[in-house]
>>> print(open('model_25.cif').read())   # mmCIF, C-alpha atoms, pLDDT in the B column; chains and numbers go by the auth columns
data_input
#
loop_
_atom_site.group_PDB
_atom_site.id
_atom_site.type_symbol
_atom_site.label_atom_id
_atom_site.label_comp_id
_atom_site.label_asym_id
_atom_site.label_seq_id
_atom_site.Cartn_x
_atom_site.Cartn_y
_atom_site.Cartn_z
_atom_site.B_iso_or_equiv
_atom_site.auth_seq_id
_atom_site.auth_asym_id
ATOM 1 C CA MET A 1 -11.618 -120.381 -75.580 78.00 161 A
ATOM 2 C CA THR A 2 -14.386 -121.956 -73.549 92.00 162 A
ATOM 3 C CA LEU A 3 -14.810 -121.521 -69.816 95.00 163 A
ATOM 4 C CA GLU A 4 -13.819 -125.166 -69.313 95.00 164 A
ATOM 5 C CA ARG A 5 -10.578 -124.617 -71.205 95.00 165 A
ATOM 6 C CA VAL A 6 -9.787 -121.496 -69.207 96.00 166 A
ATOM 7 C CA VAL A 7 -10.256 -123.482 -65.989 97.00 167 A
ATOM 8 C CA LYS A 8 -7.816 -126.055 -67.381 96.00 168 A
ATOM 9 C CA VAL A 9 -5.281 -123.302 -68.190 96.00 169 A
ATOM 10 C CA VAL A 10 -5.477 -122.058 -64.587 97.00 170 A
ATOM 11 C CA GLU A 11 -5.106 -125.611 -63.262 96.00 171 A
ATOM 12 C CA ARG A 12 -2.046 -126.158 -65.481 95.00 172 A
ATOM 13 C CA TRP A 13 -0.508 -122.921 -64.291 96.00 173 A
ATOM 14 C CA VAL A 14 -1.072 -123.944 -60.644 97.00 174 A
ATOM 15 C CA ARG A 15 0.619 -127.285 -61.329 95.00 175 A
ATOM 16 C CA ALA A 16 3.526 -125.486 -63.022 95.00 176 A
ATOM 17 C CA TYR A 17 4.286 -123.032 -60.222 96.00 177 A
ATOM 18 C CA THR A 18 3.770 -125.538 -57.418 96.00 178 A
ATOM 19 C CA ARG A 19 6.036 -128.161 -59.031 95.00 179 A
ATOM 20 C CA GLY A 20 8.848 -129.147 -56.686 94.00 180 A
ATOM 21 C CA LEU A 21 7.191 -127.597 -53.617 95.00 181 A
ATOM 22 C CA PRO A 22 6.262 -129.787 -50.630 95.00 182 A
ATOM 23 C CA PRO A 23 3.259 -131.907 -51.736 96.00 183 A
ATOM 24 C CA SER A 24 1.035 -130.678 -48.904 96.00 184 A
ATOM 25 C CA VAL A 25 1.682 -127.031 -49.867 96.00 185 A
ATOM 26 C CA ALA A 26 1.100 -127.709 -53.576 97.00 186 A
ATOM 27 C CA GLN A 27 -2.084 -129.661 -52.875 97.00 187 A
ATOM 28 C CA ARG A 28 -3.447 -126.998 -50.588 97.00 188 A
ATOM 29 C CA ARG A 29 -2.941 -124.288 -53.209 97.00 189 A
ATOM 30 C CA ALA A 30 -4.473 -126.453 -55.951 97.00 190 A
ATOM 31 C CA ASP A 31 -7.512 -127.345 -53.815 97.00 191 A
ATOM 32 C CA GLU A 32 -8.011 -123.784 -52.665 97.00 192 A
ATOM 33 C CA LEU A 33 -7.841 -122.473 -56.241 97.00 193 A
ATOM 34 C CA GLY A 34 -10.215 -125.239 -57.372 97.00 194 A
ATOM 35 C CA ALA A 35 -12.806 -124.142 -54.810 97.00 195 A
ATOM 36 C CA ASP A 36 -12.265 -120.485 -55.751 98.00 196 A
ATOM 37 C CA LEU A 37 -12.870 -121.220 -59.450 98.00 197 A
ATOM 38 C CA GLN A 38 -16.082 -123.109 -58.715 97.00 198 A
ATOM 39 C CA ASP A 39 -17.319 -120.343 -56.397 97.00 199 A
ATOM 40 C CA HIS A 40 -16.415 -117.705 -58.991 97.00 200 A
ATOM 41 C CA ILE A 41 -18.275 -119.497 -61.780 97.00 201 A
ATOM 42 C CA ALA A 42 -21.340 -120.255 -59.634 96.00 202 A
ATOM 43 C CA HIS A 43 -21.523 -116.674 -58.330 96.00 203 A
ATOM 44 C CA GLU A 44 -21.207 -115.017 -61.738 96.00 204 A
ATOM 45 C CA ARG A 45 -23.656 -117.424 -63.409 97.00 205 A
ATOM 46 C CA ALA A 46 -26.175 -116.660 -60.651 97.00 206 A
ATOM 47 C CA ARG A 47 -25.773 -112.963 -61.547 95.00 207 A
ATOM 48 C CA GLY A 48 -26.511 -113.770 -65.183 97.00 208 A
ATOM 49 C CA VAL A 49 -22.963 -113.157 -66.428 96.00 209 A
ATOM 50 C CA SER A 50 -22.150 -115.001 -69.673 97.00 210 A
ATOM 51 C CA ASP A 51 -19.628 -117.845 -69.655 97.00 211 A
ATOM 52 C CA ARG A 52 -17.462 -115.838 -72.052 96.00 212 A
ATOM 53 C CA ARG A 53 -17.175 -112.933 -69.588 96.00 213 A
ATOM 54 C CA ILE A 54 -16.586 -115.311 -66.677 97.00 214 A
ATOM 55 C CA ALA A 55 -13.758 -116.949 -68.649 97.00 215 A
ATOM 56 C CA LEU A 56 -12.220 -113.546 -69.320 96.00 216 A
ATOM 57 C CA SER A 57 -12.494 -112.591 -65.656 96.00 217 A
ATOM 58 C CA ILE A 58 -10.813 -115.832 -64.537 97.00 218 A
ATOM 59 C CA LEU A 59 -7.993 -115.356 -67.050 96.00 219 A
ATOM 60 C CA SER A 60 -7.559 -111.789 -65.871 96.00 220 A
ATOM 61 C CA ARG A 61 -7.270 -112.936 -62.249 97.00 221 A
ATOM 62 C CA MET A 62 -4.679 -115.509 -63.250 97.00 222 A
ATOM 63 C CA VAL A 63 -2.567 -113.149 -65.369 95.00 223 A
ATOM 64 C CA ARG A 64 -2.619 -110.346 -62.775 96.00 224 A
ATOM 65 C CA GLY A 65 -1.449 -112.835 -60.154 96.00 225 A
ATOM 66 C CA LEU A 66 1.461 -114.338 -62.120 95.00 226 A
ATOM 67 C CA ALA A 67 4.120 -112.218 -60.425 94.00 227 A
ATOM 68 C CA ALA A 68 2.706 -112.941 -56.936 95.00 228 A
ATOM 69 C CA ASP A 69 2.575 -116.669 -57.734 96.00 229 A
ATOM 70 C CA THR A 70 6.200 -116.792 -58.863 94.00 230 A
ATOM 71 C CA ALA A 71 7.343 -114.676 -55.910 94.00 231 A
ATOM 72 C CA TRP A 72 5.443 -116.993 -53.546 95.00 232 A
ATOM 73 C CA ARG A 73 7.138 -120.009 -55.145 95.00 233 A
ATOM 74 C CA ALA A 74 10.578 -118.398 -54.908 93.00 234 A
ATOM 75 C CA GLU A 75 9.983 -117.493 -51.288 92.00 235 A
ATOM 76 C CA LEU A 76 9.020 -121.056 -50.430 93.00 236 A
ATOM 77 C CA LEU A 77 12.105 -122.393 -52.219 91.00 237 A
ATOM 78 C CA THR A 78 14.624 -119.952 -50.758 86.00 238 A
ATOM 79 C CA GLY A 79 12.981 -117.745 -48.153 76.00 239 A
ATOM 80 C CA ASP A 80 13.743 -114.683 -50.331 64.00 240 A
ATOM 81 C CA PRO A 81 11.081 -113.523 -52.794 57.00 241 A
ATOM 82 C CA MET A 82 13.456 -111.694 -55.162 55.00 242 A
ATOM 83 C CA GLU A 83 16.731 -113.660 -55.180 51.00 243 A
ATOM 84 C CA ARG A 84 15.446 -116.785 -56.801 48.00 244 A
ATOM 85 C CA VAL A 85 12.673 -115.415 -58.960 50.00 245 A
ATOM 86 C CA PRO A 86 14.917 -115.787 -62.041 50.00 246 A
ATOM 87 C CA ALA A 87 15.277 -119.458 -61.214 51.00 247 A
ATOM 88 C CA ALA A 88 11.550 -119.778 -60.628 54.00 248 A
ATOM 89 C CA LEU A 89 10.562 -117.948 -63.797 59.00 249 A
ATOM 90 C CA PRO A 90 12.844 -115.701 -65.886 57.00 250 A
ATOM 91 C CA PRO A 91 11.437 -112.497 -67.437 60.00 251 A
ATOM 92 C CA LEU A 92 11.510 -114.023 -70.906 60.00 252 A
ATOM 93 C CA GLY A 93 9.628 -117.058 -69.580 63.00 253 A
ATOM 94 C CA LEU A 94 7.027 -114.825 -67.954 64.00 254 A
ATOM 95 C CA GLY A 95 6.747 -112.802 -71.172 64.00 255 A
ATOM 96 C CA LEU A 96 6.236 -115.897 -73.287 62.00 256 A
ATOM 97 C CA LEU A 97 3.696 -117.262 -70.824 64.00 257 A
ATOM 98 C CA VAL A 98 1.712 -114.022 -70.862 63.00 258 A
ATOM 99 C CA ALA A 99 1.976 -113.942 -74.666 64.00 259 A
ATOM 100 C CA ALA A 100 0.662 -117.496 -74.913 61.00 260 A
ATOM 101 C CA VAL A 101 -2.213 -116.814 -72.518 61.00 261 A
ATOM 102 C CA ILE A 102 -3.213 -113.636 -74.351 61.00 262 A
ATOM 103 C CA THR A 103 -2.883 -115.137 -77.814 61.00 263 A
ATOM 104 C CA VAL A 104 -4.604 -118.430 -77.106 58.00 264 A
ATOM 105 C CA GLY A 105 -6.932 -117.422 -74.301 58.00 265 A
ATOM 106 C CA VAL A 106 -7.828 -113.753 -74.399 57.00 266 A
ATOM 107 C CA MET A 107 -7.828 -112.876 -78.112 56.00 267 A
ATOM 108 C CA PRO A 108 -10.607 -115.302 -79.072 57.00 268 A
ATOM 109 C CA LEU A 109 -12.691 -114.068 -76.134 56.00 269 A
ATOM 110 C CA VAL A 110 -12.439 -110.417 -77.080 54.00 270 A
ATOM 111 C CA GLY A 111 -13.121 -111.020 -80.731 56.00 271 A
ATOM 112 C CA GLY A 112 -9.850 -112.071 -82.299 54.00 272 A
ATOM 113 C CA GLY A 113 -6.838 -109.894 -83.085 54.00 273 A
ATOM 114 C CA ALA A 114 -3.448 -110.570 -84.577 55.00 274 A
ATOM 115 C CA PRO A 115 -1.380 -113.151 -82.652 57.00 275 A
ATOM 116 C CA ILE A 116 1.541 -110.722 -82.796 60.00 276 A
ATOM 117 C CA ALA A 117 -0.373 -108.433 -80.398 60.00 277 A
ATOM 118 C CA GLY A 118 -0.249 -111.160 -77.753 59.00 278 A
ATOM 119 C CA VAL A 119 3.480 -111.615 -78.299 59.00 279 A
ATOM 120 C CA VAL A 120 4.136 -107.863 -78.037 61.00 280 A
ATOM 121 C CA VAL A 121 2.100 -107.537 -74.826 62.00 281 A
ATOM 122 C CA GLY A 122 3.823 -110.623 -73.404 62.00 282 A
ATOM 123 C CA LEU A 123 7.309 -109.324 -74.137 61.00 283 A
ATOM 124 C CA ALA A 124 6.341 -105.949 -72.645 65.00 284 A
ATOM 125 C CA ALA A 125 5.189 -107.760 -69.498 65.00 285 A
ATOM 126 C CA GLY A 126 8.547 -109.551 -69.347 64.00 286 A
ATOM 127 C CA LEU A 127 10.437 -106.254 -69.693 65.00 287 A
ATOM 128 C CA ILE A 128 8.334 -104.515 -67.015 68.00 288 A
ATOM 129 C CA TYR A 129 8.849 -107.478 -64.704 66.00 289 A
ATOM 130 C CA ALA A 130 12.640 -107.447 -65.316 66.00 290 A
ATOM 131 C CA ARG A 131 12.788 -103.691 -64.600 68.00 291 A
ATOM 132 C CA ARG A 132 10.793 -103.984 -61.402 68.00 292 A
ATOM 133 C CA ARG A 133 13.001 -106.825 -60.246 65.00 293 A
ATOM 134 C CA ARG A 134 16.143 -104.824 -60.973 67.00 294 A
ATOM 135 C CA ALA A 135 14.712 -101.788 -59.117 70.00 295 A
ATOM 136 C CA SER A 136 13.805 -104.003 -56.172 65.00 296 A
ATOM 137 C CA LYS A 137 17.355 -105.376 -56.026 61.00 297 A
ATOM 138 C CA GLU A 138 18.839 -101.872 -56.079 64.00 298 A
ATOM 139 C CA THR A 139 16.789 -100.693 -53.074 60.00 299 A
ATOM 140 C CA MET B 1 -15.625 -108.379 -43.639 58.00 15 B
ATOM 141 C CA ALA B 2 -15.667 -106.716 -40.281 52.00 16 B
ATOM 142 C CA GLY B 3 -19.174 -106.039 -39.083 52.00 17 B
ATOM 143 C CA SER B 4 -20.749 -108.670 -41.317 56.00 18 B
ATOM 144 C CA GLY B 5 -21.268 -110.952 -38.322 61.00 19 B
ATOM 145 C CA GLU B 6 -19.516 -113.872 -40.013 68.00 20 B
ATOM 146 C CA THR B 7 -16.590 -115.333 -38.154 83.00 21 B
ATOM 147 C CA THR B 8 -15.077 -117.315 -41.027 93.00 22 B
ATOM 148 C CA PHE B 9 -14.529 -116.458 -44.667 95.00 23 B
ATOM 149 C CA HIS B 10 -13.020 -118.053 -47.742 96.00 24 B
ATOM 150 C CA GLY B 11 -10.829 -116.782 -50.564 97.00 25 B
ATOM 151 C CA PHE B 12 -13.458 -116.080 -53.195 97.00 26 B
ATOM 152 C CA GLY B 13 -15.816 -114.582 -50.578 96.00 27 B
ATOM 153 C CA LEU B 14 -13.091 -112.163 -49.566 96.00 28 B
ATOM 154 C CA ALA B 15 -12.349 -111.233 -53.198 96.00 29 B
ATOM 155 C CA LYS B 16 -16.058 -110.533 -53.680 96.00 30 B
ATOM 156 C CA VAL B 17 -16.246 -108.291 -50.608 95.00 31 B
ATOM 157 C CA ILE B 18 -13.126 -106.380 -51.697 94.00 32 B
ATOM 158 C CA ARG B 19 -14.680 -105.810 -55.127 95.00 33 B
ATOM 159 C CA GLU B 20 -17.919 -104.556 -53.573 93.00 34 B
ATOM 160 C CA GLN B 21 -16.228 -102.303 -51.036 90.00 35 B
ATOM 161 C CA THR B 22 -13.743 -100.762 -53.449 92.00 36 B
ATOM 162 C CA GLY B 23 -16.200 -100.444 -56.301 93.00 37 B
ATOM 163 C CA SER B 24 -13.716 -102.229 -58.537 92.00 38 B
ATOM 164 C CA ARG B 25 -14.867 -104.013 -61.677 90.00 39 B
ATOM 165 C CA SER B 26 -12.437 -106.896 -61.267 93.00 40 B
ATOM 166 C CA LEU B 27 -11.811 -109.429 -58.540 96.00 41 B
ATOM 167 C CA THR B 28 -8.480 -109.668 -56.716 96.00 42 B
ATOM 168 C CA ALA B 29 -5.977 -111.805 -58.628 97.00 43 B
ATOM 169 C CA HIS B 30 -5.563 -115.392 -57.456 97.00 44 B
ATOM 170 C CA GLY B 31 -1.832 -115.001 -56.764 96.00 45 B
ATOM 171 C CA THR B 32 -2.216 -111.755 -54.827 96.00 46 B
ATOM 172 C CA LEU B 33 -5.136 -113.012 -52.755 97.00 47 B
ATOM 173 C CA TYR B 34 -3.758 -116.372 -51.655 97.00 48 B
ATOM 174 C CA LYS B 35 -0.244 -115.079 -51.104 95.00 49 B
ATOM 175 C CA ALA B 36 -1.640 -112.356 -48.824 96.00 50 B
ATOM 176 C CA LEU B 37 -3.824 -114.824 -46.903 97.00 51 B
ATOM 177 C CA GLY B 38 -0.839 -117.138 -46.434 95.00 52 B
ATOM 178 C CA ARG B 39 1.273 -114.239 -45.205 94.00 53 B
ATOM 179 C CA LEU B 40 -1.375 -113.150 -42.666 95.00 54 B
ATOM 180 C CA GLU B 41 -1.559 -116.724 -41.431 96.00 55 B
ATOM 181 C CA GLU B 42 2.229 -116.833 -41.045 94.00 56 B
ATOM 182 C CA PHE B 43 2.062 -113.622 -39.011 95.00 57 B
ATOM 183 C CA GLY B 44 -0.473 -115.255 -36.702 96.00 58 B
ATOM 184 C CA LEU B 45 -3.292 -112.887 -37.675 96.00 59 B
ATOM 185 C CA LEU B 46 -5.394 -115.641 -39.292 96.00 60 B
ATOM 186 C CA THR B 47 -5.960 -119.341 -38.802 97.00 61 B
ATOM 187 C CA SER B 48 -7.381 -121.640 -41.441 97.00 62 B
ATOM 188 C CA ARG B 49 -8.976 -125.050 -41.789 97.00 63 B
ATOM 189 C CA TRP B 50 -10.731 -127.056 -44.472 97.00 64 B
ATOM 190 C CA GLU B 51 -14.493 -126.869 -44.624 94.00 65 B
ATOM 191 C CA ASP B 52 -16.464 -129.767 -43.157 92.00 66 B
ATOM 192 C CA PRO B 53 -16.976 -132.263 -46.047 88.00 67 B
ATOM 193 C CA ALA B 54 -20.617 -132.708 -44.948 88.00 68 B
ATOM 194 C CA ALA B 55 -21.318 -129.039 -45.726 84.00 69 B
ATOM 195 C CA VAL B 56 -19.941 -128.824 -49.254 84.00 70 B
ATOM 196 C CA GLU B 57 -22.951 -130.149 -51.241 84.00 71 B
ATOM 197 C CA GLY B 58 -21.001 -131.523 -54.189 87.00 72 B
ATOM 198 C CA ARG B 59 -18.669 -128.560 -54.717 92.00 73 B
ATOM 199 C CA PRO B 60 -14.946 -128.511 -53.825 94.00 74 B
ATOM 200 C CA ARG B 61 -14.408 -127.835 -50.142 95.00 75 B
ATOM 201 C CA ARG B 62 -13.224 -124.364 -49.249 96.00 76 B
ATOM 202 C CA ARG B 63 -10.376 -123.308 -47.038 97.00 77 B
ATOM 203 C CA LEU B 64 -11.983 -121.294 -44.233 97.00 78 B
ATOM 204 C CA TYR B 65 -10.100 -118.446 -42.580 97.00 79 B
ATOM 205 C CA GLU B 66 -10.723 -116.874 -39.211 96.00 80 B
ATOM 206 C CA LEU B 67 -9.152 -113.909 -37.447 95.00 81 B
ATOM 207 C CA THR B 68 -7.091 -114.804 -34.394 95.00 82 B
ATOM 208 C CA GLY B 69 -7.303 -112.667 -31.257 95.00 83 B
ATOM 209 C CA GLN B 70 -4.240 -110.775 -32.440 94.00 84 B
ATOM 210 C CA GLY B 71 -5.718 -110.431 -35.932 93.00 85 B
ATOM 211 C CA ALA B 72 -8.985 -109.054 -34.546 92.00 86 B
ATOM 212 C CA GLN B 73 -7.009 -106.541 -32.494 92.00 87 B
ATOM 213 C CA VAL B 74 -5.028 -105.419 -35.551 92.00 88 B
ATOM 214 C CA ALA B 75 -8.237 -105.200 -37.614 89.00 89 B
ATOM 215 C CA ARG B 76 -9.954 -103.066 -34.962 90.00 90 B
ATOM 216 C CA ARG B 77 -6.937 -100.768 -34.763 91.00 91 B
ATOM 217 C CA SER B 78 -6.832 -100.478 -38.538 88.00 92 B
ATOM 218 C CA ILE B 79 -10.539 -99.572 -38.704 86.00 93 B
ATOM 219 C CA ALA B 80 -10.110 -97.012 -35.917 88.00 94 B
ATOM 220 C CA ASP B 81 -7.077 -95.467 -37.689 88.00 95 B
ATOM 221 C CA LYS B 82 -9.014 -95.266 -40.927 81.00 96 B
ATOM 222 C CA ALA B 83 -11.962 -93.587 -39.196 83.00 97 B
ATOM 223 C CA ALA B 84 -9.659 -91.116 -37.465 84.00 98 B
ATOM 224 C CA ARG B 85 -7.883 -90.116 -40.685 77.00 99 B
ATOM 225 C CA PRO B 86 -10.449 -90.236 -43.459 65.00 100 B
ATOM 226 C CA PHE B 87 -9.117 -89.688 -46.945 65.00 101 B
ATOM 227 C CA PRO B 88 -10.964 -87.019 -48.897 62.00 102 B
ATOM 228 C CA ARG B 89 -12.967 -88.697 -51.620 62.00 103 B
ATOM 229 C CA LEU B 90 -14.118 -87.042 -54.772 64.00 104 B
ATOM 230 C CA ALA B 91 -17.590 -87.967 -55.853 61.00 105 B
ATOM 231 C CA PRO B 92 -17.827 -89.057 -59.498 62.00 106 B
ATOM 232 C CA GLY B 93 -18.454 -86.066 -61.697 54.00 107 B
ATOM 233 C CA SER B 94 -17.675 -83.549 -58.936 48.00 108 B
ATOM 234 C CA ALA B 95 -14.694 -82.074 -60.811 48.00 109 B
#
>>> encode(input="model_25.cif", output="structure tokens")
Amino acid sequence: MTLERVVKVVERWVRAYTRGLPPSVAQRRADELGADLQDHIAHERARGVSDRRIALSILSRMVRGLAADTAWRAELLTGDPMERVPAALPPLGLGLLVAAVITVGVMPLVGGGAPIAGVVVGLAAGLIYARRRRASKET
Amino acid sequence: MAGSGETTFHGFGLAKVIREQTGSRSLTAHGTLYKALGRLEEFGLLTSRWEDPAAVEGRPRRRLYELTGQGAQVARRSIADKAARPFPRLAPGSA
């Protein structure tokens, strides 16, 4: 996956998790992320980092932030970060999203790999997320 | 970013500084970073504004953050607490 395509994946994800939020809030997040991506690319290119590694780094930042993004969305919708996370993004949905990102985005960057590996990692992410949510509800 | 002399900062700049100061190989995740900045703003510790369009030179304008008086006070207290209770650090290869 090229750097340009990775940027598009991030932009699509931002559109997905800001859908239904007040337009000013959604626009601010999209604009702020857009500036961040440009700064990230410019900074790493100036350091001589290859586009392939920059793409991987951007994907990594997106994937590691998925839970925070969905919690932020849920909080804006309901004022409670945990209650409405299932409505914002269920564990299976998160798992499938992670699986898709890994299979389509990360595997080609790190030299291929069976698509099933992406699915397994994605489902594991969904399970971990579901467990953490359950633990958070119990406390 | 305390001590750098800059009064404003932006999201990616902060992620970069965190990476340098922690010695991490990766930058803070987008979701974690912007959620935290939003939360600090809600608490009144930061204010933010869009960068002046005249200063952007063809790139997307950045959201600039600045510590409020209360934020600066909290930051100073946090730095003082950290200095008073240093965590023991193991140098690489010292084990």
>>> closest_atom_pairs(input="model_25.cif", of="chain A", to="chain B", cutoff="12 Å", atoms="all atoms listed in the file", output="Markdown table")
| residue | atom | partner | partner_atom | distance |
| --- | --- | --- | --- | --- |
| A:Val170 | CA | B:His44 | CA | 9.8 |
| A:Glu171 | CA | B:His44 | CA | 11.8 |
| A:Trp173 | CA | B:Gly45 | CA | 11.0 |
| A:Val174 | CA | B:Gly45 | CA | 9.8 |
| A:Tyr177 | CA | B:Gly45 | CA | 10.7 |
| A:Thr178 | CA | B:Gly45 | CA | 12.0 |
| A:Val185 | CA | B:Gly52 | CA | 10.8 |
| A:Gln187 | CA | B:Arg77 | CA | 12.0 |
| A:Arg188 | CA | B:Arg77 | CA | 8.6 |
| A:Arg189 | CA | B:Tyr48 | CA | 8.1 |
| A:Ala190 | CA | B:Pro74 | CA | 10.9 |
| A:Asp191 | CA | B:Pro74 | CA | 7.5 |
| A:Glu192 | CA | B:Arg77 | CA | 6.1 |
| A:Leu193 | CA | B:His44 | CA | 7.5 |
| A:Gly194 | CA | B:Pro74 | CA | 6.8 |
| A:Ala195 | CA | B:Pro74 | CA | 5.0 |
| A:Asp196 | CA | B:Phe26 | CA | 5.2 |
| A:Leu197 | CA | B:Phe26 | CA | 8.1 |
| A:Gln198 | CA | B:Arg73 | CA | 7.2 |
| A:Asp199 | CA | B:Phe26 | CA | 6.6 |
| A:His200 | CA | B:Phe26 | CA | 6.7 |
| A:Ile201 | CA | B:Phe26 | CA | 10.4 |
| A:Ala202 | CA | B:Arg73 | CA | 10.0 |
| A:His203 | CA | B:Lys30 | CA | 9.4 |
| A:Glu204 | CA | B:Lys30 | CA | 10.6 |
| A:Arg213 | CA | B:Ser40 | CA | 11.3 |
| A:Ile214 | CA | B:Ser40 | CA | 10.8 |
| A:Leu216 | CA | B:Ser40 | CA | 10.4 |
| A:Ser217 | CA | B:Ser40 | CA | 7.2 |
| A:Ile218 | CA | B:Ala43 | CA | 8.6 |
| A:Leu219 | CA | B:Ala43 | CA | 9.4 |
| A:Ser220 | CA | B:Ala43 | CA | 7.4 |
| A:Arg221 | CA | B:Ala43 | CA | 4.0 |
| A:Met222 | CA | B:His44 | CA | 5.9 |
| A:Val223 | CA | B:Ala43 | CA | 7.7 |
| A:Arg224 | CA | B:Ala43 | CA | 5.5 |
| A:Gly225 | CA | B:Gly45 | CA | 4.0 |
| A:Leu226 | CA | B:Gly45 | CA | 6.3 |
| A:Ala227 | CA | B:Gly45 | CA | 7.5 |
| A:Ala228 | CA | B:Gly45 | CA | 5.0 |
| A:Asp229 | CA | B:Gly45 | CA | 4.8 |
| A:Thr230 | CA | B:Gly45 | CA | 8.5 |
| A:Ala231 | CA | B:Lys49 | CA | 9.0 |
| A:Trp232 | CA | B:Lys49 | CA | 6.5 |
| A:Arg233 | CA | B:Lys49 | CA | 9.8 |
| A:Ala234 | CA | B:Lys49 | CA | 11.9 |
| A:Glu235 | CA | B:Lys49 | CA | 10.5 |
| A:Leu236 | CA | B:Lys49 | CA | 11.0 |
| A:Pro241 | CA | B:Lys49 | CA | 11.6 |
>>> atom_distance(input="model_25.cif", atom1="CA of Leu60 (chain B)", atom2="CA of Gly85 (chain B)")
6.2 Å
>>> atom_distance(input="model_25.cif", atom1="CA of Ala98 (chain B)", atom2="CA of Phe23 (chain B)")
26.8 Å
>>> atom_distance(input="model_25.cif", atom1="CA of Lys168 (chain A)", atom2="CA of Ala186 (chain A)")
16.5 Å
>>> resolve_selection(input="model_25.cif", expression="the PyMOL selection byres ((chain B and resi 86) around 12)", output="list of chain:residue names")
B:Met15, B:Ala16, B:Gly17, B:Thr21, B:Leu54, B:Gly58, B:Leu59, B:Leu60, B:Thr61, B:Glu80, B:Leu81, B:Thr82, B:Gly83, B:Gln84, B:Gly85, B:Gln87, B:Val88, B:Ala89, B:Arg90, B:Arg91, B:Ser92, B:Ile93
